[in-house]
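Presented below is the structure to which this report refers.
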Amino acid sequence: MMECARPYYILNGKIRECPSFNENFVHKGTSLYEVVRIMEGKFLFLQDHLNRLFNSLNMSGIDPWIKEAGIRKSCLLYTSDAA
């Protein structure tokens with residue numbers, strides 16, 4: 001199964017094309033992910049998704065290396081609305 005399901009992904013704040021995705025990122029260590037739906041260029045329930053992601057990090061005992069503001073900034077790379 002291909003782990004990069006869309007044409008693009010964000011890595012270290014840069015949009016990259018899916019063929020360059022390194023699947024070792026997913027298969028090594030502990031991975032958490034959250035899928036956020038975008039409709040007409042706007043995030044749906046972004047705050048709920050962020051709350052759930054950070055709750056999962058907390059329950060897993062993982063110290064987040066990125067803050068919510070950093071995730072929102074990355075979201076702005078992909079669409080015009082990060083609210």
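Chain labels A, B, ... are given in the sequence in which chains occur in the structure tokens; within each chain residues are numbered consecutively from 1, and ligands are likewise numbered from 1 in the order shown.
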For segment 12-27 of chain A, please output as a PyMOL selection string all residues within 9 Å (counting only C-alpha atoms; exclusion window: fewer than 3 positions along the same chain). chain A and resi 2-9+30-32+70-71+73-74+77-78
Take the residues from that selection and write them out as a PDB file, in the first residue's frame, keeping C-alpha atoms.
```
ATOM      1  CA  MET A   2       1.309   3.422  -0.903  1.00  0.00           C
ATOM      2  CA  GLU A   3       1.449   5.693   2.140  1.00  0.00           C
ATOM      3  CA  CYS A   4       1.312   8.944   0.155  1.00  0.00           C
ATOM      4  CA  ALA A   5      -2.225   8.883  -1.219  1.00  0.00           C
ATOM      5  CA  ARG A   6      -2.439  12.381  -2.709  1.00  0.00           C
ATOM      6  CA  PRO A   7      -0.265  14.235  -5.234  1.00  0.00           C
ATOM      7  CA  TYR A   8       1.495  16.292  -2.524  1.00  0.00           C
ATOM      8  CA  TYR A   9       2.618  16.156   1.090  1.00  0.00           C
ATOM      9  CA  THR A  30       5.708   5.650  16.327  1.00  0.00           C
ATOM     10  CA  SER A  31       3.498   7.415  13.831  1.00  0.00           C
ATOM     11  CA  LEU A  32       0.365   9.422  14.459  1.00  0.00           C
ATOM     12  CA  GLY A  70       3.548  25.281  13.304  1.00  0.00           C
ATOM     13  CA  ILE A  71       0.896  22.904  12.021  1.00  0.00           C
ATOM     14  CA  LYS A  73       1.491  27.480   9.311  1.00  0.00           C
ATOM     15  CA  SER A  74       2.032  24.290   7.298  1.00  0.00           C
ATOM     16  CA  LEU A  77       1.028  26.319   2.522  1.00  0.00           C
ATOM     17  CA  TYR A  78      -1.651  24.064   1.127  1.00  0.00           C
TER      18      TYR A  78
END
```
Could you find all residues in chain A that DSSP calls helix (DSSP H, G or I) from the backbone, and write them as a PyMOL selection string? chain A and resi 18-20+24-27+46-60+68-78
Interatomic distance (Å, one decimal) between atom CA of Leu53 of chain A and atom CA of Glu34 of chain A: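 Taking atom CA of Leu53 of chain A as the start and atom CA of Glu34 of chain A as the end point, the length is 6.3 Å.
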Among the residues of chain A, find those DSSP assigns to strand (DSSP E) from the backbone and print them as a PDB file with N, CA and C atoms, in the first residue's frame.
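Output file out.pdb is given in full below:
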```pdb
ATOM      1  N   TYR A   8       0.514  15.512  -3.276  1.00  0.00           N
ATOM      2  CA  TYR A   8       1.495  16.292  -2.524  1.00  0.00           C
ATOM      3  C   TYR A   8       1.450  15.947  -1.045  1.00  0.00           C
ATOM      4  N   TYR A   9       2.546  16.243  -0.363  1.00  0.00           N
ATOM      5  CA  TYR A   9       2.618  16.156   1.090  1.00  0.00           C
ATOM      6  C   TYR A   9       3.503  17.298   1.571  1.00  0.00           C
ATOM      7  N   ILE A  10       3.466  17.576   2.865  1.00  0.00           N
ATOM      8  CA  ILE A  10       4.285  18.654   3.436  1.00  0.00           C
ATOM      9  C   ILE A  10       5.341  18.016   4.328  1.00  0.00           C
ATOM     10  N   LEU A  11       6.591  18.382   4.120  1.00  0.00           N
ATOM     11  CA  LEU A  11       7.704  17.902   4.939  1.00  0.00           C
ATOM     12  C   LEU A  11       8.568  19.089   5.307  1.00  0.00           C
ATOM     13  N   LYS A  14       7.694  22.389   3.658  1.00  0.00           N
ATOM     14  CA  LYS A  14       7.759  22.530   2.202  1.00  0.00           C
ATOM     15  C   LYS A  14       6.821  21.529   1.545  1.00  0.00           C
ATOM     16  N   ILE A  15       6.093  21.995   0.529  1.00  0.00           N
ATOM     17  CA  ILE A  15       5.229  21.100  -0.231  1.00  0.00           C
ATOM     18  C   ILE A  15       6.094  20.294  -1.180  1.00  0.00           C
ATOM     19  N   ARG A  16       5.890  18.989  -1.167  1.00  0.00           N
ATOM     20  CA  ARG A  16       6.670  18.093  -2.014  1.00  0.00           C
ATOM     21  C   ARG A  16       5.727  17.184  -2.802  1.00  0.00           C
ATOM     22  N   GLU A  17       6.211  16.683  -3.927  1.00  0.00           N
ATOM     23  CA  GLU A  17       5.412  15.778  -4.742  1.00  0.00           C
ATOM     24  C   GLU A  17       5.505  14.361  -4.189  1.00  0.00           C
ATOM     25  N   ILE A  38     -10.706  19.238   3.412  1.00  0.00           N
ATOM     26  CA  ILE A  38     -10.728  20.604   2.888  1.00  0.00           C
ATOM     27  C   ILE A  38     -11.859  20.668   1.868  1.00  0.00           C
ATOM     28  N   MET A  39     -12.743  21.620   2.053  1.00  0.00           N
ATOM     29  CA  MET A  39     -13.850  21.796   1.120  1.00  0.00           C
ATOM     30  C   MET A  39     -13.886  23.238   0.651  1.00  0.00           C
ATOM     31  N   LYS A  42     -11.328  25.489   2.269  1.00  0.00           N
ATOM     32  CA  LYS A  42     -11.410  25.768   3.708  1.00  0.00           C
ATOM     33  C   LYS A  42     -11.345  24.460   4.497  1.00  0.00           C
ATOM     34  N   PHE A  43     -10.608  24.510   5.597  1.00  0.00           N
ATOM     35  CA  PHE A  43     -10.517  23.349   6.475  1.00  0.00           C
ATOM     36  C   PHE A  43     -11.839  23.153   7.201  1.00  0.00           C
TER      37      PHE A  43
END
```
For segment 48-50 of chain A, find every residue with an atom within 12 Å (counting only C-alpha atoms), except residues of its own chain fewer than 3 positions away, and show them as a list in words.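 Answer for this query is Leu32, Tyr33, Glu34, Val35, Val36, Arg37, Phe43, Leu44, Phe45, Leu53, Phe54, Asn55, Ser56, Leu57, Ile66, Lys67, Glu68, Ala69, Gly70, Ile71, Arg72, Cys75, Ala82 and Ala83 of chain A.
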